Structures are given as C-alpha cells and as structure tokens.
>>> print(open('input-v2.cif').read())   # mmCIF, C-alpha atoms
data_structure
loop_
_atom_site.label_atom_id
_atom_site.label_comp_id
_atom_site.auth_asym_id
_atom_site.auth_seq_id
_atom_site.Cartn_x
_atom_site.Cartn_y
_atom_site.Cartn_z
CA MET L 1 -181.94 59.63 62.59
CA LYS L 2 -178.24 58.93 62.58
CA VAL L 3 -177.51 62.55 61.71
CA LYS L 4 -179.91 63.74 64.40
CA THR L 5 -178.16 61.55 66.97
CA VAL L 6 -174.81 62.97 65.96
CA ALA L 7 -176.29 66.47 66.23
CA ILE L 8 -177.55 65.82 69.74
CA ILE L 9 -174.24 64.30 70.83
CA GLY L 10 -172.32 67.18 69.28
CA ILE L 11 -174.43 69.83 70.97
CA ALA L 12 -174.44 67.98 74.31
CA LEU L 13 -170.65 67.66 74.25
CA PHE L 14 -170.31 71.32 73.33
CA ALA L 15 -172.64 72.36 76.16
CA GLY L 16 -170.74 70.08 78.56
CA VAL L 17 -167.39 71.58 77.65
CA LEU L 18 -168.84 75.08 77.98
CA SER L 19 -170.22 74.35 81.44
CA VAL L 20 -166.87 72.95 82.57
CA ASN L 21 -164.69 75.65 81.05
CA GLY L 22 -167.15 78.54 81.04
CA PRO L 23 -165.56 80.43 83.95
CA LEU L 24 -162.20 80.27 82.20
CA LEU L 25 -163.55 82.23 79.26
CA SER L 26 -163.83 85.41 81.30
CA ALA L 27 -162.09 86.85 84.34
CA GLU L 28 -162.51 84.61 87.37
CA ILE L 29 -163.77 86.29 90.51
CA ALA L 30 -162.19 84.11 93.13
CA GLN L 31 -164.44 84.07 96.16
CA ASP L 32 -163.51 80.62 97.43
CA ARG L 33 -160.16 80.21 95.72
CA VAL L 34 -157.10 79.61 97.86
CA VAL L 35 -153.89 80.98 96.35
CA ARG L 36 -150.53 80.25 97.93
CA LEU L 37 -147.10 81.41 96.82
CA ALA L 38 -143.85 79.67 97.67
CA GLU L 39 -140.29 80.92 97.29
CA LEU L 40 -137.62 78.22 97.47
CA GLU L 41 -133.86 78.10 97.28
CA ILE L 42 -132.59 74.69 96.15
CA ASP L 43 -129.20 73.10 96.77
CA PRO L 44 -127.44 73.55 93.37
CA ALA L 45 -125.97 70.03 93.52
CA GLN L 46 -129.47 68.55 93.81
CA LEU L 47 -131.38 70.87 91.47
CA GLU L 48 -132.14 68.28 88.79
CA SER L 49 -133.34 65.72 91.35
CA TYR L 50 -135.48 68.40 92.95
CA LYS L 51 -137.09 69.29 89.61
CA VAL L 52 -137.91 65.65 88.91
CA ALA L 53 -139.65 65.33 92.30
CA LEU L 54 -141.47 68.64 91.84
CA GLN L 55 -142.70 67.75 88.35
CA GLU L 56 -143.97 64.37 89.57
CA GLU L 57 -145.81 66.05 92.43
CA ILE L 58 -147.41 68.65 90.14
CA GLU L 59 -148.47 66.13 87.49
CA THR L 60 -150.00 63.78 90.06
CA SER L 61 -151.82 66.55 91.94
CA ILE L 62 -153.36 68.02 88.77
CA ARG L 63 -154.36 64.55 87.54
CA VAL L 64 -155.90 63.03 90.66
CA GLU L 65 -157.10 65.96 92.79
CA PRO L 66 -160.23 67.72 91.49
CA GLY L 67 -159.61 70.74 93.74
CA VAL L 68 -156.04 71.43 92.65
CA LEU L 69 -156.60 73.95 89.85
CA LYS L 70 -153.12 75.33 89.10
CA LEU L 71 -149.61 74.44 90.16
CA TYR L 72 -147.23 76.72 88.30
CA ALA L 73 -143.52 76.25 88.88
CA VAL L 74 -140.92 78.66 87.51
CA SER L 75 -137.35 79.59 88.28
CA VAL L 76 -136.07 83.15 88.45
CA LYS L 77 -134.24 84.02 85.22
CA ASP L 78 -130.45 83.57 85.57
CA HIS L 79 -130.99 82.11 89.07
CA PRO L 80 -132.09 78.52 88.36
CA THR L 81 -131.92 77.47 92.03
CA GLN L 82 -134.49 80.15 93.00
CA ILE L 83 -137.88 78.49 92.46
CA ARG L 84 -141.26 80.20 92.70
CA LEU L 85 -144.55 78.32 92.93
CA PHE L 86 -148.01 79.71 92.28
CA GLU L 87 -150.69 77.37 93.64
CA MET L 88 -154.47 77.70 93.22
CA TYR L 89 -156.99 75.47 94.98
CA ALA L 90 -160.78 75.45 94.51
CA ASN L 91 -161.37 76.17 98.20
CA THR L 92 -159.97 75.61 101.69
CA ALA L 93 -161.15 71.99 101.82
CA ALA L 94 -159.31 71.20 98.55
CA TYR L 95 -156.17 72.78 99.95
CA GLU L 96 -156.36 70.70 103.15
CA ILE L 97 -156.91 67.51 101.13
CA HIS L 98 -153.84 68.32 99.03
CA LEU L 99 -151.65 68.78 102.11
CA GLN L 100 -152.68 65.32 103.34
CA SER L 101 -152.28 63.55 99.98
CA PRO L 102 -149.70 60.75 99.70
CA HIS L 103 -148.00 62.37 96.67
CA PHE L 104 -147.58 65.70 98.46
CA LYS L 105 -146.21 63.97 101.57
CA LYS L 106 -143.82 61.98 99.37
CA TYR L 107 -142.63 65.19 97.66
CA LYS L 108 -141.99 66.83 101.04
CA ARG L 109 -140.09 63.78 102.31
CA VAL L 110 -137.99 63.29 99.15
CA THR L 111 -137.06 66.99 98.80
CA LEU L 112 -136.40 67.71 102.49
CA GLY L 113 -132.62 67.63 102.06
CA MET L 114 -132.71 69.50 98.74
CA VAL L 115 -134.46 72.67 99.91
CA LYS L 116 -132.11 75.20 101.50
CA SER L 117 -134.88 77.67 102.32
CA LEU L 118 -138.63 77.88 101.92
CA LYS L 119 -140.89 80.90 102.33
CA LEU L 120 -144.65 80.33 102.12
CA LEU L 121 -147.03 83.22 101.51
CA GLU L 122 -150.75 82.96 102.17
CA THR L 123 -152.68 85.43 100.04
CA GLU L 124 -155.99 87.20 99.51
CA PRO L 125 -157.04 87.05 95.83
CA ILE L 126 -157.87 90.44 94.31
CA LEU L 127 -158.71 89.34 90.76
CA LEU L 128 -157.77 86.08 89.05
CA GLY L 129 -158.02 86.93 85.37
CA ALA L 130 -157.86 83.98 82.99
CA LYS L 131 -159.07 82.74 79.66
CA MET Q 1 -180.74 69.08 56.02
CA LYS Q 2 -181.48 71.46 58.87
CA VAL Q 3 -180.55 68.77 61.38
CA LYS Q 4 -177.37 68.00 59.47
CA THR Q 5 -176.41 71.66 59.54
CA VAL Q 6 -176.98 71.78 63.29
CA ALA Q 7 -174.89 68.62 63.65
CA ILE Q 8 -172.01 70.12 61.71
CA ILE Q 9 -172.18 73.36 63.68
CA GLY Q 10 -172.35 71.46 66.98
CA ILE Q 11 -169.36 69.28 66.14
CA ALA Q 12 -167.38 72.21 64.75
CA LEU Q 13 -168.02 74.27 67.88
CA PHE Q 14 -167.07 71.31 70.07
CA ALA Q 15 -163.85 70.75 68.13
CA GLY Q 16 -163.11 74.47 68.33
CA VAL Q 17 -163.53 74.57 72.08
CA LEU Q 18 -161.39 71.46 72.45
CA SER Q 19 -158.60 72.92 70.38
CA VAL Q 20 -158.70 76.16 72.38
CA ASN Q 21 -158.98 74.62 75.83
CA GLY Q 22 -157.41 71.23 75.21
CA PRO Q 23 -154.06 72.05 76.80
CA LEU Q 24 -155.86 73.18 79.96
CA LEU Q 25 -157.25 69.70 80.51
CA SER Q 26 -153.82 68.31 81.36
CA ALA Q 27 -150.54 69.70 82.60
CA GLU Q 28 -149.23 72.38 80.26
CA ILE Q 29 -145.66 72.07 79.11
CA ALA Q 30 -144.82 75.69 78.53
CA GLN Q 31 -142.28 75.93 75.77
CA ASP Q 32 -143.28 79.35 74.47
CA ARG Q 33 -145.02 80.71 77.52
CA VAL Q 34 -143.72 83.89 79.09
CA VAL Q 35 -144.28 84.09 82.87
CA ARG Q 36 -143.53 87.26 84.78
CA LEU Q 37 -143.88 87.92 88.49
CA ALA Q 38 -144.29 91.34 90.05
CA GLU Q 39 -144.02 92.36 93.70
CA LEU Q 40 -145.51 95.76 94.52
CA GLU Q 41 -145.87 97.90 97.60
CA ILE Q 42 -148.79 100.33 97.32
CA ASP Q 43 -149.31 103.63 99.13
CA PRO Q 44 -151.90 102.69 101.84
CA ALA Q 45 -153.84 105.93 101.27
CA GLN Q 46 -154.33 105.04 97.59
CA LEU Q 47 -154.87 101.29 97.88
CA GLU Q 48 -158.51 101.27 96.81
CA SER Q 49 -157.82 103.50 93.80
CA TYR Q 50 -154.91 101.28 92.86
CA LYS Q 51 -157.09 98.16 92.99
CA VAL Q 52 -159.71 99.76 90.73
CA ALA Q 53 -157.05 100.62 88.14
CA LEU Q 54 -155.47 97.16 88.40
CA GLN Q 55 -158.80 95.35 88.01
CA GLU Q 56 -159.69 97.44 84.96
CA GLU Q 57 -156.31 96.68 83.40
CA ILE Q 58 -156.66 92.93 84.05
CA GLU Q 59 -160.22 92.71 82.76
CA THR Q 60 -159.41 94.62 79.58
CA SER Q 61 -156.23 92.67 78.87
CA ILE Q 62 -157.92 89.28 79.29
CA ARG Q 63 -160.87 90.40 77.14
CA VAL Q 64 -159.13 92.05 74.20
CA GLU Q 65 -155.67 90.46 74.00
CA PRO Q 66 -155.63 86.89 72.68
CA GLY Q 67 -152.09 86.33 73.96
CA VAL Q 68 -152.70 87.38 77.58
CA LEU Q 69 -153.53 84.04 79.20
CA LYS Q 70 -153.48 84.75 82.94
CA LEU Q 71 -153.25 87.86 85.07
CA TYR Q 72 -153.56 86.81 88.70
CA ALA Q 73 -153.48 89.53 91.34
CA VAL Q 74 -153.31 88.74 95.06
CA SER Q 75 -152.27 90.56 98.20
CA VAL Q 76 -150.13 89.01 100.92
CA LYS Q 77 -152.35 87.92 103.83
CA ASP Q 78 -152.46 90.55 106.60
CA HIS Q 79 -150.41 92.91 104.37
CA PRO Q 80 -153.01 94.32 101.96
CA THR Q 81 -150.60 96.89 100.47
CA GLN Q 82 -148.20 94.11 99.37
CA ILE Q 83 -149.45 93.01 95.95
CA ARG Q 84 -148.17 90.06 93.94
CA LEU Q 85 -148.93 89.53 90.27
CA PHE Q 86 -148.55 86.31 88.30
CA GLU Q 87 -148.69 86.99 84.55
CA MET Q 88 -148.71 84.42 81.75
CA TYR Q 89 -148.45 85.29 78.06
CA ALA Q 90 -148.71 82.91 75.09
CA ASN Q 91 -145.25 83.88 73.84
CA THR Q 92 -142.76 86.75 73.65
CA ALA Q 93 -144.69 88.53 70.88
CA ALA Q 94 -147.87 88.51 72.99
CA TYR Q 95 -145.94 89.95 75.91
CA GLU Q 96 -144.51 92.77 73.76
CA ILE Q 97 -147.96 93.58 72.36
CA HIS Q 98 -149.33 93.78 75.91
CA LEU Q 99 -146.62 96.25 77.00
CA GLN Q 100 -147.54 98.52 74.09
CA SER Q 101 -151.33 98.29 74.58
CA PRO Q 102 -153.25 101.50 75.43
CA HIS Q 103 -154.87 99.92 78.51
CA PHE Q 104 -151.50 98.83 79.95
CA LYS Q 105 -150.00 102.26 79.29
CA LYS Q 106 -153.01 103.89 80.94
CA TYR Q 107 -152.63 101.61 83.99
CA LYS Q 108 -148.93 102.54 84.28
CA ARG Q 109 -149.70 106.25 83.98
CA VAL Q 110 -152.64 106.24 86.42
CA THR Q 111 -150.85 104.16 89.09
CA LEU Q 112 -147.45 105.84 88.87
CA GLY Q 113 -147.97 107.86 92.05
CA MET Q 114 -149.62 104.96 93.89
CA VAL Q 115 -146.79 102.41 93.64
CA LYS Q 116 -144.13 102.86 96.32
CA SER Q 117 -141.95 100.04 95.01
CA LEU Q 118 -142.03 97.56 92.15
CA LYS Q 119 -139.90 94.48 91.65
CA LEU Q 120 -140.25 92.61 88.36
CA LEU Q 121 -139.02 89.05 88.00
CA GLU Q 122 -138.49 87.41 84.63
CA THR Q 123 -138.75 83.63 84.89
CA GLU Q 124 -138.06 80.32 83.21
CA PRO Q 125 -141.11 78.04 83.40
CA ILE Q 126 -140.39 74.58 84.82
CA LEU Q 127 -143.90 73.11 84.69
CA LEU Q 128 -147.20 74.96 84.38
CA GLY Q 129 -149.72 72.47 85.68
CA ALA Q 130 -153.37 73.37 85.12
CA LYS Q 131 -156.76 71.84 84.53
#
>>> encode(input="input-v2.cif", output="structure tokens")
Amino acid sequence: MKVKTVAIIGIALFAGVLSVNGPLLSAEIAQDRVVRLAELEIDPAQLESYKVALQEEIETSIRVEPGVLKLYAVSVKDHPTQIRLFEMYANTAAYEIHLQSPHFKKYKRVTLGMVKSLKLLETEPILLGAK
Amino acid sequence: MKVKTVAIIGIALFAGVLSVNGPLLSAEIAQDRVVRLAELEIDPAQLESYKVALQEEIETSIRVEPGVLKLYAVSVKDHPTQIRLFEMYANTAAYEIHLQSPHFKKYKRVTLGMVKSLKLLETEPILLGAK
C-alpha cells in the first residue's frame, strides 16, 4: 500500500510537471504572447546601480507575476552601457498588469536618472522556439 | 512488484523532468549561456518564403540540437520586413555546433538572396529571468 501510494504520488507529480512544462518541450506557437524589446543606453557612472535595480525588478516580476514568462537582460559585447531586454508576457492582460505593478513602477522611478536613452519596440511573434 | 516498478519509473521520470526543467522554475543565472541577437531586413517580395525557411530552421534546431535552448523570432510591429531574433545556447560549444549544423547551413544558403541586411550582436547576459 505504501509503495502504491508512492507510485501514485510519483506519477501524479510527473503528470503535473508535464502539464505545466509541456509547451516548453516543443516549439511554442505564440498566439497570445506579447513580446517587447527594449534598447537602453545607461549613464556609465551609474551602470552598477542600474544593474542592481534591473535585477531586482526582473527577479520580483518572475517570482510574483504569473503572466511574466521571460525577462532576459543582456548587454552588447564590449559596450556594457548598451542594454537590450527581451520581454515575454502570457497575453495583453499580463502585460498591462506588469506595467501597473509596484515593483515595475519602483524600477522606473529609481532608474529614471540613470537611463540616457530608451527605445521600446512592440513586436509580432513569428515563432517562439523553446525547449 | 509491478506497482513498485511503476513507482520507481514514476519517481525517476519526475526527477528527470525536474533536473531538466528545474532552472526554468526560477530566474536563470546564465554563466555559460550564449545569447545572440540578430536584426534583419527582408526583401518584401520574398517575406513569406523567408518566414517558411526561418520557421523550418527554428523547429529543426530546437528538436534535434540539445544545446539550442531558445530561438525566438519576431517582427517589429507595423514593419513586417524588420525581423529580430533572440537566440540562446547552452554554452559556446553548443553555439559552434549549431553554426555547423546542416539545417543552419541550409537556412543560410536558401535565404541568402532574401536578406537585404543583417546585423549580428554578441552579448553578455546580465540576468536571464524565466519561469
């Protein structure tokens, strides 16, 4: 009986994980997904402070917002003050919720004087391939 | 005994899935990850053909290459011929293998006359947040 219980729990957990992560195992066709790109130039003197604020914003968004799927932050090689963000939200509603979240508003407020330029690009997903 | 076997398989599968997808459940700190961005301008007359070739390349890469983690293709809103790619590889070796793969070489060959301009950006990951 004990073994059977373990079996059931094991299989249930496996099925649960599959149902959660199933779409990630093959290419995602992104019908509802909202993808936004951002290109930023940061004040060199404030780059480290900017990165701290950005990392806090990303970690909080991923942790507390179910609809924030990816927040990828990179800098252009050999140009550390040129930051690129790739953002993926589950749908338009999730994107709107993110824009109104206290942690996003705090990030915008804290980094206002650090960002020399900001270019936002709305996009149309073609294919979002992931595993 | 049968039940025990099922239990072991269930738990093993669950553990396997966890170990594969575990890092996706929280923010990924990308020490080895290679992230590349590409900005393309496509010949308007060949846009649909280009998209077919791109989608085939993405689907094949994600399916057959263990080290190709993400290949996200989007177009800039209201500018369908402006394509942006976000590419994530497990590490430098995986990236090199991808460049030498027959499907990537085929994509490059087939789309050569379709791409009006191509800008590749190597990057340094700051934080790759995902769930």
>>> axis_aligned_box(input="input-v2.cif", around="segment 74-78 of chain Q", padding_each_side="3 Å", output="lines of an AutoDock Vina configuration file")
center_x = -151.7
center_y = 89.2
center_z = 100.8
size_x = 9.2
size_y = 8.6
size_z = 17.5
>>> closest_residue(input="input-v2.cif", among="L:Leu40, L:Leu99, L:Val115, L:Ala45", to="Ser75 of chain L", atoms="only C-alpha atoms")
L:Leu40
>>> closest_residue(input="input-v2.cif", among="Q:Ile62, Q:Leu37, Q:Tyr95, Q:Lys119", to="Val74 of chain L", atoms="only C-alpha atoms")
Q:Leu37
>>> closest_residue(input="input-v2.cif", among="L:Glu41, L:Glu87, L:Asp32, L:Glu59", to="His103 of chain L", atoms="only C-alpha atoms")
L:Glu59
>>> atom_distance(input="input-v2.cif", atom1="atom CA of Leu112 of chain Q", atom2="atom CA of Asp43 of chain Q")
10.7 Å
>>> resolve_selection(input="input-v2.cif", expression="the PyMOL selection byres ((chain L and resi 92) around 12)", output="list of chain:residue names")
L:Gln31, L:Asp32, L:Arg33, L:Val34, L:Val35, L:Arg36, L:Gly67, L:Val68, L:Met88, L:Tyr89, L:Ala90, L:Asn91, L:Ala93, L:Ala94, L:Tyr95, L:Glu96, L:Ile97, L:His98, L:Leu99, L:Glu122
>>> resolve_selection(input="input-v2.cif", expression="the PyMOL selection byres ((chain Q and resi 78-81) around 12)", output="ChimeraX atom specification")
/L:121-126 /Q:39-51,73-77,82-84,114-118
>>> closest_residue(input="input-v2.cif", among="L:Leu85, L:Ala130, L:Leu120, L:Val110", to="chain Q", atoms="only C-alpha atoms")
L:Ala130
>>> atom_distance(input="input-v2.cif", atom1="atom CA of Gln100 of chain Q", atom2="atom CA of Ala38 of chain Q")
17.8 Å
>>> closest_residue(input="input-v2.cif", among="Q:Phe86, Q:Leu128, Q:Ser101, Q:Pro66", to="chain L", atoms="all atoms listed in the file")
Q:Leu128
>>> residues_near_point(input="input-v2.cif", point="(-156.7, 85.9, 80.2)", cutoff="7 Å", atoms="all atoms listed in the file", output="MDAnalysis selection string")
(chainID L and resid 27 129:131) or (chainID Q and resid 61:63 68:71)
>>> atom_distance(input="input-v2.cif", atom1="atom CA of Phe104 of chain L", atom2="atom CA of Leu127 of chain Q")
16.1 Å
>>> closest_residue(input="input-v2.cif", among="Q:Tyr107, Q:Leu54, Q:Tyr72, Q:Gly113", to="chain L", atoms="only C-alpha atoms")
Q:Tyr72
